[in-house]
$ cat work_23.txt   # compact mmCIF, C-alpha atoms and all ligand atoms
# COMPACT_ATOMS: atom_id res chain seq x y z
CA MET A 23 0.00 0.00 0.00
CA LYS A 24 1.27 3.44 -0.88
CA SER A 25 1.58 5.91 1.94
CA TRP A 26 -0.46 9.06 2.07
CA PRO A 27 0.13 11.01 5.28
CA SER A 28 -3.09 11.99 6.96
CA PRO A 29 -3.85 15.54 8.13
CA SER A 30 -5.88 16.04 11.30
CA LEU A 31 -9.31 14.56 10.76
CA PRO A 32 -12.60 16.19 11.62
CA SER A 33 -14.43 14.64 14.53
CA PRO A 34 -18.18 14.07 14.22
CA VAL A 35 -20.13 17.20 15.08
CA SER A 36 -23.66 15.86 14.63
CA THR A 37 -25.58 14.93 17.74
CA THR A 38 -28.65 13.69 15.90
CA PRO A 39 -28.58 10.75 13.48
CA THR A 40 -28.35 11.91 9.87
CA THR A 41 -29.00 9.67 6.89
CA VAL A 42 -26.77 10.57 3.97
CA ASN A 43 -28.44 10.29 0.57
CA ALA A 44 -26.88 10.26 -2.87
CA HIS A 45 -27.89 9.64 -6.47
CA ASP A 46 -27.36 6.01 -7.47
CA THR A 47 -26.77 5.73 -11.22
CA ALA A 48 -27.97 2.11 -11.36
CA ARG A 49 -31.41 2.97 -9.94
CA ASP A 50 -31.37 6.53 -11.31
CA ARG A 51 -32.67 8.01 -8.08
CA VAL A 52 -31.47 9.42 -4.79
CA VAL A 53 -31.13 6.66 -2.18
CA PRO A 54 -29.74 6.38 1.37
CA VAL A 55 -26.06 5.44 1.20
CA GLY A 56 -23.80 4.04 3.90
CA THR A 57 -25.06 2.33 6.99
CA GLU A 58 -27.11 3.29 10.05
CA SER A 59 -24.22 2.61 12.39
CA GLY A 60 -20.71 1.21 12.22
CA THR A 61 -18.59 1.49 9.09
CA ALA A 62 -19.48 2.79 5.64
CA ARG A 63 -17.35 1.32 2.85
CA LEU A 64 -16.27 3.47 -0.10
CA TYR A 65 -14.25 2.68 -3.23
CA VAL A 66 -13.29 5.51 -5.58
CA CYS A 67 -11.43 4.84 -8.82
CA GLY A 68 -8.11 6.63 -8.79
CA ILE A 69 -5.98 8.27 -11.43
CA THR A 70 -3.75 6.81 -14.09
CA PRO A 71 -0.65 8.81 -13.14
CA TYR A 72 0.67 10.09 -16.46
CA ASP A 73 -0.41 13.70 -16.19
CA ALA A 74 -1.10 16.35 -13.55
CA THR A 75 -4.41 16.67 -11.69
CA HIS A 76 -6.91 18.80 -13.60
CA MET A 77 -10.16 20.30 -12.37
CA GLY A 78 -12.19 17.28 -13.49
CA HIS A 79 -10.14 15.01 -11.20
CA ALA A 80 -10.32 17.53 -8.39
CA PHE A 81 -14.13 17.76 -8.70
CA THR A 82 -14.42 13.97 -8.42
CA TYR A 83 -12.19 13.57 -5.37
CA VAL A 84 -13.60 16.62 -3.56
CA THR A 85 -17.13 15.27 -4.15
CA PHE A 86 -16.24 11.93 -2.54
CA ASP A 87 -14.38 13.78 0.21
CA LEU A 88 -17.70 15.48 0.93
CA LEU A 89 -19.39 12.07 1.15
CA ASN A 90 -16.60 10.84 3.45
CA ARG A 91 -17.04 13.91 5.68
CA ALA A 92 -20.85 13.63 5.67
CA TRP A 93 -20.60 10.03 6.89
CA ARG A 94 -18.07 10.99 9.58
CA ASP A 95 -20.29 13.89 10.62
CA ALA A 96 -23.16 11.39 10.98
CA GLY A 97 -21.00 9.42 13.43
CA LEU A 98 -19.96 6.60 11.09
CA GLN A 99 -16.52 5.13 10.59
CA VAL A 100 -15.44 5.21 6.96
CA SER A 101 -13.39 2.53 5.26
CA TYR A 102 -12.12 4.11 2.04
CA THR A 103 -10.03 2.51 -0.68
CA GLN A 104 -8.69 4.27 -3.75
CA ASN A 105 -6.51 2.70 -6.42
CA VAL A 106 -3.86 4.20 -8.65
CA THR A 107 -3.51 2.59 -12.08
CA ASP A 108 0.27 2.69 -12.02
CA VAL A 109 0.71 0.43 -15.04
CA ASP A 110 -1.55 0.72 -18.09
CA ASP A 111 -1.41 1.57 -21.79
CA PRO A 112 -1.80 5.40 -21.52
CA LEU A 113 0.99 5.58 -18.94
CA LEU A 114 3.35 3.39 -20.99
CA GLU A 115 2.56 5.35 -24.17
CA ARG A 116 3.30 8.69 -22.46
CA ALA A 117 6.54 7.35 -20.98
CA THR A 118 7.68 6.11 -24.40
CA ALA A 119 6.67 9.36 -26.13
CA THR A 120 8.54 11.52 -23.61
CA GLY A 121 11.53 9.19 -23.20
CA VAL A 122 11.17 8.64 -19.45
CA ASP A 123 10.94 5.48 -17.39
CA TRP A 124 7.28 4.52 -16.93
CA ALA A 125 7.71 3.74 -13.22
CA ASP A 126 9.42 7.12 -12.57
CA LEU A 127 6.61 8.92 -14.42
CA ALA A 128 3.97 7.08 -12.36
CA GLU A 129 5.70 7.86 -9.09
CA GLU A 130 6.25 11.52 -9.92
CA GLN A 131 2.64 12.10 -11.01
CA THR A 132 1.24 10.14 -8.06
CA ASP A 133 3.24 12.36 -5.70
CA LEU A 134 1.94 15.49 -7.41
CA PHE A 135 -1.64 14.18 -7.18
CA ARG A 136 -1.27 13.60 -3.43
CA GLU A 137 0.18 17.09 -2.98
CA ASP A 138 -2.77 18.59 -4.87
CA MET A 139 -5.27 16.60 -2.83
CA THR A 140 -3.59 17.56 0.45
CA ALA A 141 -3.67 21.24 -0.57
CA LEU A 142 -7.41 20.87 -1.28
CA ARG A 143 -7.80 19.26 2.17
CA VAL A 144 -9.07 15.96 0.82
CA ILE A 145 -8.95 13.35 3.61
CA PRO A 146 -6.69 10.55 2.33
CA PRO A 147 -8.18 7.11 1.75
CA GLU A 148 -7.21 4.51 4.38
CA ARG A 149 -5.81 2.40 1.58
CA TYR A 150 -4.16 3.76 -1.56
CA VAL A 151 -3.32 0.73 -3.67
CA GLY A 152 -1.35 0.52 -6.90
CA ALA A 153 -2.17 -1.87 -9.73
CA VAL A 154 1.38 -3.24 -9.60
CA GLU A 155 1.16 -4.20 -5.93
CA ALA A 156 -2.31 -5.77 -6.51
CA ILE A 157 -1.01 -8.23 -9.11
CA PRO A 158 -1.21 -11.28 -6.76
CA GLU A 159 -4.87 -10.45 -5.96
CA VAL A 160 -5.66 -10.01 -9.66
CA GLY A 161 -4.10 -13.43 -10.39
CA THR A 162 -6.18 -15.09 -7.66
CA LEU A 163 -9.37 -13.45 -8.89
CA VAL A 164 -8.78 -14.42 -12.53
CA GLU A 165 -8.14 -18.03 -11.47
CA ARG A 166 -11.38 -17.98 -9.50
CA LEU A 167 -13.23 -16.69 -12.57
CA ALA A 168 -11.51 -19.33 -14.72
CA LYS A 169 -12.73 -22.12 -12.44
CA ALA A 170 -16.28 -20.78 -12.78
CA GLY A 171 -15.92 -20.69 -16.58
CA TYR A 172 -15.95 -16.92 -16.99
CA VAL A 173 -12.53 -16.35 -18.56
CA TYR A 174 -10.78 -17.71 -21.62
CA GLN A 175 -7.66 -17.14 -23.69
CA VAL A 176 -8.16 -15.53 -27.08
CA ASP A 177 -7.22 -17.48 -30.17
CA ASP A 178 -4.63 -14.99 -31.43
CA GLU A 179 -0.88 -14.41 -31.59
CA TYR A 180 -0.80 -13.36 -27.93
CA ARG A 181 -3.21 -15.57 -26.00
CA ASP A 182 -4.41 -12.86 -23.57
CA TRP A 183 -7.10 -13.62 -21.00
CA TYR A 184 -10.61 -12.21 -21.44
CA PHE A 185 -13.72 -12.10 -19.27
CA THR A 186 -17.03 -13.25 -20.77
CA THR A 187 -18.72 -10.00 -19.83
CA THR A 188 -22.15 -10.58 -21.27
CA ARG A 189 -22.60 -13.93 -19.50
CA ALA A 190 -22.36 -12.33 -16.05
CA ALA A 191 -25.62 -11.94 -14.12
CA GLY A 192 -26.77 -8.35 -13.96
CA PHE A 193 -24.44 -7.13 -16.72
CA GLY A 194 -25.87 -3.82 -17.99
CA GLU A 195 -27.63 -2.89 -14.76
CA VAL A 196 -25.14 -0.22 -13.70
CA SER A 197 -25.29 1.88 -16.88
CA SER A 198 -28.63 0.64 -18.34
CA TYR A 199 -27.07 1.10 -21.82
CA ASP A 200 -28.39 -0.97 -24.71
CA ARG A 201 -25.95 -3.15 -26.65
CA ALA A 202 -25.44 -0.68 -29.52
CA THR A 203 -24.53 2.11 -27.08
CA MET A 204 -22.23 -0.24 -25.18
CA LEU A 205 -20.35 -1.14 -28.35
CA ASP A 206 -19.92 2.53 -29.32
CA VAL A 207 -18.76 3.65 -25.88
CA PHE A 208 -16.52 0.60 -25.39
CA ALA A 209 -14.61 1.48 -28.59
CA GLU A 210 -14.32 5.16 -27.55
CA ARG A 211 -13.04 4.45 -24.03
CA GLY A 212 -10.14 2.07 -24.37
CA GLY A 213 -12.06 -1.11 -25.24
CA ASP A 214 -11.14 -3.48 -28.06
CA PRO A 215 -14.39 -4.73 -29.64
CA ASP A 216 -12.55 -5.83 -32.81
CA ARG A 217 -9.80 -7.88 -31.14
CA THR A 218 -9.24 -11.12 -33.02
CA GLY A 219 -10.27 -14.29 -31.22
CA LYS A 220 -12.79 -12.83 -28.76
CA ARG A 221 -16.07 -14.67 -28.26
CA ASP A 222 -18.07 -11.46 -27.88
CA PRO A 223 -16.97 -7.92 -28.86
CA LEU A 224 -17.85 -6.73 -25.32
CA ASP A 225 -15.61 -9.25 -23.55
CA CYS A 226 -12.91 -7.37 -21.64
CA LEU A 227 -9.21 -7.98 -21.07
CA VAL A 228 -8.26 -9.27 -17.63
CA TRP A 229 -4.63 -10.32 -18.18
CA ARG A 230 -2.36 -9.14 -20.99
CA LEU A 231 0.55 -11.45 -21.74
CA GLU A 232 4.03 -9.97 -22.01
CA ARG A 233 5.01 -8.04 -25.16
CA GLU A 234 8.57 -7.08 -25.95
CA GLY A 235 9.52 -3.81 -24.28
CA GLU A 236 6.56 -3.82 -21.88
CA PRO A 237 6.75 -4.46 -18.13
CA ALA A 238 5.48 -7.89 -17.05
CA TRP A 239 5.12 -9.91 -13.87
CA GLU A 240 5.02 -13.62 -13.12
CA SER A 241 1.55 -15.05 -12.67
CA PRO A 242 -0.20 -18.43 -12.91
CA LEU A 243 -1.78 -16.93 -16.04
CA GLY A 244 1.62 -16.42 -17.67
CA ARG A 245 3.99 -13.45 -17.51
CA GLY A 246 2.03 -10.26 -18.13
CA ARG A 247 0.08 -7.43 -16.52
CA PRO A 248 -3.50 -6.82 -15.37
CA GLY A 249 -6.35 -5.34 -17.37
CA TRP A 250 -7.88 -2.15 -16.02
CA HIS A 251 -11.35 -3.28 -14.82
CA ILE A 252 -10.12 -6.40 -13.02
CA GLU A 253 -7.60 -4.25 -11.13
CA CYS A 254 -10.41 -2.34 -9.38
CA THR A 255 -12.52 -5.47 -8.86
CA ALA A 256 -9.62 -7.26 -7.17
CA ILE A 257 -8.56 -4.31 -5.00
CA ALA A 258 -12.13 -3.51 -3.90
CA LEU A 259 -13.04 -7.11 -3.04
CA GLU A 260 -9.74 -7.62 -1.19
CA THR A 261 -9.95 -4.43 0.90
CA LEU A 262 -13.70 -3.81 1.31
CA GLY A 263 -15.36 -7.18 0.75
CA GLU A 264 -18.55 -7.92 -1.16
CA SER A 265 -21.40 -5.44 -1.62
CA PHE A 266 -19.65 -2.39 -0.22
CA ASP A 267 -21.63 0.83 0.09
CA VAL A 268 -20.53 3.15 -2.71
CA GLN A 269 -18.49 2.71 -5.88
CA GLY A 270 -17.52 6.15 -7.15
CA GLY A 271 -15.87 7.91 -10.05
CA GLY A 272 -16.37 10.33 -12.90
CA THR A 273 -19.20 9.78 -15.40
CA ASP A 274 -16.56 8.74 -17.95
CA LEU A 275 -16.00 5.61 -15.84
CA LEU A 276 -19.64 4.48 -15.83
CA PHE A 277 -19.12 2.43 -18.97
CA PRO A 278 -17.21 0.28 -19.56
CA HIS A 279 -15.18 0.53 -16.36
CA HIS A 280 -17.79 0.36 -13.60
CA GLU A 281 -20.13 -1.91 -15.55
CA MET A 282 -17.38 -4.45 -16.22
CA SER A 283 -15.81 -4.27 -12.75
CA ALA A 284 -19.25 -5.00 -11.30
CA ALA A 285 -19.87 -7.88 -13.73
CA GLU A 286 -16.54 -9.48 -12.79
CA ALA A 287 -17.36 -9.21 -9.08
CA VAL A 288 -20.84 -10.71 -9.50
CA ALA A 289 -19.41 -13.59 -11.55
CA ALA A 290 -16.76 -14.29 -8.89
CA THR A 291 -18.83 -13.89 -5.73
CA GLY A 292 -22.49 -14.19 -6.68
CA GLU A 293 -23.11 -10.95 -4.77
CA PRO A 294 -23.57 -7.38 -6.03
CA PHE A 295 -20.28 -5.46 -6.28
CA ALA A 296 -21.55 -2.25 -4.64
CA LYS A 297 -24.87 -1.15 -3.19
CA ALA A 298 -24.81 2.20 -5.03
CA TYR A 299 -22.85 3.80 -7.88
CA VAL A 300 -22.25 7.52 -7.54
CA HIS A 301 -20.92 9.48 -10.51
CA VAL A 302 -19.45 12.93 -10.85
CA ALA A 303 -20.09 15.07 -13.94
CA MET A 304 -17.33 16.32 -16.24
CA VAL A 305 -15.82 19.79 -15.95
CA GLY A 306 -15.20 21.99 -18.99
CA LEU A 307 -13.29 25.22 -19.57
CA ASP A 308 -15.25 28.27 -20.70
CA GLY A 309 -17.96 26.06 -22.22
CA GLU A 310 -15.65 23.52 -23.93
CA LYS A 311 -14.84 19.98 -22.86
CA MET A 312 -11.57 19.98 -20.89
CA SER A 313 -9.16 17.52 -22.46
CA LYS A 314 -5.50 16.90 -23.01
CA SER A 315 -5.99 16.86 -26.79
CA LYS A 316 -7.56 20.36 -26.74
CA GLY A 317 -4.73 21.61 -24.53
CA ASN A 318 -7.18 23.37 -22.22
CA LEU A 319 -6.57 21.57 -18.93
CA VAL A 320 -6.85 23.70 -15.81
CA LEU A 321 -4.35 22.18 -13.39
CA VAL A 322 -4.60 22.42 -9.63
CA SER A 323 -0.80 22.51 -9.33
CA ARG A 324 -0.50 25.42 -11.78
CA LEU A 325 -3.10 27.49 -9.92
CA ARG A 326 -1.26 26.75 -6.67
CA GLU A 327 2.00 27.92 -8.25
CA GLN A 328 0.24 31.14 -9.24
CA GLY A 329 -0.61 31.72 -5.60
CA VAL A 330 -4.33 30.89 -5.71
CA ASP A 331 -5.55 29.86 -2.25
CA PRO A 332 -6.49 26.15 -2.49
CA MET A 333 -9.48 26.87 -0.25
CA ALA A 334 -10.88 29.17 -2.96
CA ILE A 335 -10.41 26.35 -5.51
CA ARG A 336 -12.23 24.00 -3.14
CA LEU A 337 -15.09 26.50 -2.82
CA VAL A 338 -15.43 26.69 -6.62
CA LEU A 339 -15.70 22.88 -6.73
CA LEU A 340 -18.19 22.73 -3.83
CA GLY A 341 -20.31 25.35 -5.57
CA HIS A 342 -21.32 22.87 -8.29
CA HIS A 343 -23.52 19.82 -7.84
CA HIS A 344 -21.96 16.51 -8.81
CA LEU A 345 -24.69 15.59 -11.31
CA THR A 346 -24.37 18.77 -13.37
CA GLU A 347 -21.67 19.45 -15.96
CA TRP A 348 -20.09 22.88 -15.58
CA SER A 349 -17.23 24.97 -16.86
CA TRP A 350 -14.29 26.42 -14.99
CA THR A 351 -14.19 30.22 -15.42
CA SER A 352 -11.98 32.90 -13.90
CA ALA A 353 -15.14 34.80 -12.85
CA ASP A 354 -16.23 31.79 -10.76
CA LEU A 355 -12.78 31.66 -9.13
CA ASP A 356 -12.85 35.42 -8.41
CA ALA A 357 -16.30 35.13 -6.82
CA ASN A 358 -15.07 32.36 -4.55
CA VAL A 359 -11.91 34.25 -3.57
CA ALA A 360 -14.31 36.99 -2.41
CA ARG A 361 -16.58 34.45 -0.69
CA LEU A 362 -13.63 32.99 1.22
CA ALA A 363 -12.61 36.49 2.38
CA SER A 364 -16.14 37.28 3.56
CA TRP A 365 -16.39 34.02 5.51
CA ARG A 366 -12.99 34.60 7.11
CA ALA A 367 -14.05 38.11 8.09
CA ALA A 368 -17.28 36.75 9.59
CA VAL A 369 -15.62 34.12 11.79
CA SER A 370 -12.96 36.58 12.90
CA GLY A 371 -15.23 39.53 13.52
CA ALA A 372 -18.19 39.98 15.82
CA THR A 373 -21.49 38.20 15.37
CA SER A 374 -24.65 37.77 17.36
CA VAL A 375 -26.25 35.57 14.71
CA ASP A 376 -27.17 32.22 16.19
CA ALA A 377 -25.38 29.29 14.54
CA GLU A 378 -27.88 26.55 15.29
CA GLU A 379 -30.10 27.03 12.24
CA THR A 380 -27.02 27.43 10.03
CA VAL A 381 -25.62 24.10 11.21
CA ARG A 382 -28.94 22.36 10.64
CA ALA A 383 -29.35 23.78 7.12
CA VAL A 384 -25.79 23.00 6.02
CA ARG A 385 -26.00 19.45 7.31
CA ALA A 386 -29.36 18.93 5.56
CA ALA A 387 -28.02 20.26 2.25
CA VAL A 388 -24.98 17.97 2.28
CA ALA A 389 -27.01 14.91 3.33
CA ASP A 390 -29.40 15.58 0.41
CA ASP A 391 -27.30 14.17 -2.46
CA LEU A 392 -24.22 16.19 -1.48
CA HIS A 393 -25.68 19.59 -2.31
CA ALA A 394 -22.70 21.60 -1.09
CA ASP A 395 -23.80 24.34 -3.51
CA ARG A 396 -26.80 25.00 -1.24
CA ALA A 397 -24.64 24.72 1.88
CA LEU A 398 -22.38 27.52 0.60
CA GLU A 399 -25.40 29.79 0.20
CA VAL A 400 -26.42 29.08 3.80
CA ILE A 401 -22.98 30.15 5.03
CA ASP A 402 -23.11 33.21 2.73
CA GLY A 403 -26.36 34.17 4.45
CA TRP A 404 -24.86 33.70 7.92
CA ALA A 405 -21.77 35.74 6.96
CA ALA A 406 -23.90 38.56 5.49
CA ALA A 407 -26.11 38.71 8.59
CA SER A 408 -23.04 38.60 10.82
CA SER A 409 -21.56 41.66 9.11
CA GLN A 410 -24.56 43.63 10.41
CA ALA A 411 -24.24 42.31 13.97
CA SER A 412 -24.11 44.75 16.86
CA SER A 413 -22.87 42.39 19.58
CA ASP A 414 -20.61 39.33 19.69
CA GLU A 415 -21.10 35.70 20.56
CA PRO A 416 -17.73 33.94 20.13
CA GLY A 417 -19.34 30.48 20.53
CA ALA A 418 -21.40 30.97 17.37
CA ARG A 419 -18.34 31.98 15.37
CA GLN A 420 -16.45 28.93 16.55
CA THR A 421 -19.39 26.64 15.77
CA VAL A 422 -19.57 27.87 12.18
CA ARG A 423 -15.80 27.70 11.79
CA ASP A 424 -15.85 24.05 12.98
CA LEU A 425 -18.77 23.20 10.71
CA VAL A 426 -17.12 24.68 7.62
CA ASP A 427 -13.85 22.99 8.52
CA GLY A 428 -15.19 19.55 9.43
CA LEU A 429 -18.09 19.05 7.04
CA LEU A 430 -17.13 21.20 4.04
CA GLY A 431 -13.36 20.81 4.44
CA VAL A 432 -12.66 24.54 4.12
CA ALA A 433 -10.15 25.95 6.63
CA LEU A 434 -11.05 29.53 7.57
ZN ZN B 501 -11.69 1.70 -11.10
$ encode --input "work_23.txt" --output "structure tokens" --more "lines below"
Ligand SMILES: [Zn+2]
Amino acid sequence: MKSWPSPSLPSPVSTTPTTVNAHDTARDRVVPVGTESGTARLYVCGITPYDATHMGHAFTYVTFDLLNRAWRDAGLQVSYTQNVTDVDDPLLERATATGVDWADLAEEQTDLFREDMTALRVIPPERYVGAVEAIPEVGTLVERLAKAGYVYQVDDEYRDWYFTTTRAAGFGEVSSYDRATMLDVFAERGGDPDRTGKRDPLDCLVWRLEREGEPAWESPLGRGRPGWHIECTAIALETLGESFDVQGGGTDLLFPHHEMSAAEAVAATGEPFAKAYVHVAMVGLDGEKMSKSKGNLVLVSRLREQGVDPMAIRLVLLGHHHLTEWSWTSADLDANVARLASWRAAVSGATSVDAEETVRAVRAAVADDLHADRALEVIDGWAAASSQASSDEPGARQTVRDLVDGLLGVAL
């Protein structure tokens, strides 16, 4: 497991039980997530570390940080696993194109990602697991699937291992896509529907045998490396067990990644992979899709270098709901720099505005499908009223400061 030093964690501030709700993509409605007491289990798909963290990544991990904090605020323990796909085609291609060692590139970009997340005050996952270190678990899982008749070797020059996706019970229930859509999206997002020797175009790679010049590891399946979906299935089952509470990631992971990870888990265990699938919308720049190929990535690290307060970046992210696509703009950043200043003035100045209703409203907004956007407006209202206050009540200021710190993750 890779280390990720933990900052001080917020302690629960809620004294009344709160049920946290979130939109489950599989059922297409808002449902209670987590557990009534004890430990909530969360898996969020991590980065492929070949490039710096852009605003789309930051929006995803801050959204799940909000879920983590909402559960903690409700008095639950949280068991959180995130992976890092530290060996995969895009990483190897970038390393080759730029003439660097793939493992050095992965390590460097993983470090930068953790620095960005720490600056944004994202609570680290308990377990941060690389694909390379999960290779024994992947091997065990593929053997288990082989015994149950769910994997086969393609009849081709390299006899790679594939999973019989469409035979798995419940396949298609995460995305609800029809077959034609699945085939289109699979081809767009790293799939190989036309690979020679597959039994079904939607079958997905679970173990790629060694090619010259590519890294490979010993395995009962032959020397090679894991496929992407099976990496997350193996890590999640190993660290969280069956039917954990929430599987999370960006909407670009819904299909094929989450659909196929879930199908592999169901085939291996007979149990649902996760109880709910929560997805985070894409972030654009000035109305355009943000992508490496367009060269319009807004990077957290670059903004930090320019001296932008990471708490203002976090406020921009919290100001948008996870189901709605939005665009990064400098006007939005400016507005949140001003918002941060007004909140800091309010908790440092004098206020006689009671905090109790503010706490209740913020907690309700976050528990209602992670509507931090509404929570920010509640704090805006408290800060505006406080600026008119004629007397002071230090306890109220401290209560709001703790609430904003613990539940929203913004240090004032
Ligand atoms: Zn994943």
$ closest_residue --input "work_23.txt" --among "A:Pro416, A:Pro112, A:Pro71, A:Pro294" --to "Ala128 in chain A" --atoms "all atoms listed in the file"
A:Pro71
$ closest_atom_pairs --input "work_23.txt" --of "range 326-425 of chain A" --to "range 266-282 of chain A" --cutoff "12 Å" --atoms "only C-alpha atoms" --output "Markdown table"
| residue | atom | partner | partner_atom | distance |
| --- | --- | --- | --- | --- |
| A:His344 | CA | A:Gly272 | CA | 9.3 |
| A:Leu345 | CA | A:Thr273 | CA | 9.0 |
| A:Thr346 | CA | A:Thr273 | CA | 10.6 |
| A:Glu347 | CA | A:Thr273 | CA | 10.0 |
$ closest_residue --input "work_23.txt" --among "A:Arg245, A:Arg116, A:Arg324, A:Arg217" --to "Gly161 in chain A" --atoms "only C-alpha atoms"
A:Arg245
$ closest_residue --input "work_23.txt" --among "A:Glu165, A:Glu399, A:Asp73, A:Asp214" --to "Val320 in chain A" --atoms "all atoms listed in the file"
A:Asp73
$ residues_around --input "work_23.txt" --residues "range 147-150 of chain A" --least-positions-apart "6" --cutoff "7 Å" --atoms "all atoms listed in the file" --output "ChimeraX atom specification"
/A:23-24,101-105
$ closest_residue --input "work_23.txt" --among "A:Tyr72, A:Ala209, A:Pro215, A:Ala405" --to "Thr120 in chain A" --atoms "only C-alpha atoms"
A:Tyr72
$ closest_atom_pairs --input "work_23.txt" --of "chain A" --to "ligand ZN 501 (chain B)" --cutoff "7 Å" --atoms "only C-alpha atoms and all ligand atoms" --output "CSV"
residue,atom,partner,partner_atom,distance
A:Val66,CA,B:ZN501,ZN,6.9
A:Cys67,CA,B:ZN501,ZN,3.9
A:Gly68,CA,B:ZN501,ZN,6.5
A:His251,CA,B:ZN501,ZN,6.2
A:Cys254,CA,B:ZN501,ZN,4.6
A:His279,CA,B:ZN501,ZN,6.4
A:His280,CA,B:ZN501,ZN,6.7
$ closest_residue --input "work_23.txt" --among "A:Thr118, A:Thr380, A:Ser315, A:Ser412" --to "Gly235 in chain A" --atoms "all atoms listed in the file"
A:Thr118
$ closest_residue --input "work_23.txt" --among "A:Val42, A:Ala363, A:Ala372, A:Ala433" --to "Ala141 in chain A" --atoms "all atoms listed in the file"
A:Ala433
$ axis_aligned_box --input "work_23.txt" --around "range 244-260 of chain A" --padding-each-side "4 Å" --output "AutoDock Vina command-line options"
--center_x -4.5 --center_y -9.3 --center_z -9.7 --size_x 25.0 --size_y 22.3 --size_z 24.9
$ residues_near_point --input "work_23.txt" --point "(-2.6, -15.9, -22.4)" --cutoff "12 Å" --atoms "only C-alpha atoms" --output "list in words"
Val164, Val173, Tyr174, Gln175, Val176, Asp177, Asp178, Glu179, Tyr180, Arg181, Asp182, Trp183, Tyr184, Gly219, Leu227, Val228, Trp229, Arg230, Leu231, Glu232, Arg233, Ser241, Pro242, Leu243, Gly244, Arg245, Gly246, Arg247 and Pro248 of chain A
$ atom_distance --input "work_23.txt" --atom1 "CA of Thr186 in chain A" --atom2 "CA of Ala168 in chain A"
10.2 Å
$ atom_distance --input "work_23.txt" --atom1 "CA of Thr132 in chain A" --atom2 "CA of Ser313 in chain A"
19.2 Å
$ residues_around --input "work_23.txt" --residues "range 80-95 of chain A" --least-positions-apart "5" --cutoff "9 Å" --atoms "all atoms listed in the file" --output "ChimeraX atom specification"
/A:32-37,40-42,44,56-57,62,64,66,68,75,100,102,138-139,142-146,270-272,300-305,322,336,339-340,342-344,385,388-389,391-392,394,428-431
$ residues_around --input "work_23.txt" --residues "Leu434 in chain A" --least-positions-apart "2" --cutoff "12 Å" --atoms "only C-alpha atoms" --output "VMD selection string"
chain A and resid 331 to 334 337 361 to 370 419 to 420 422 to 428 430 to 432
$ residues_around --input "work_23.txt" --residues "Asn318 in chain A" --least-positions-apart "6" --cutoff "12 Å" --atoms "only C-alpha atoms" --output "VMD selection string"
chain A and resid 76 to 78 305 to 312 349 to 351
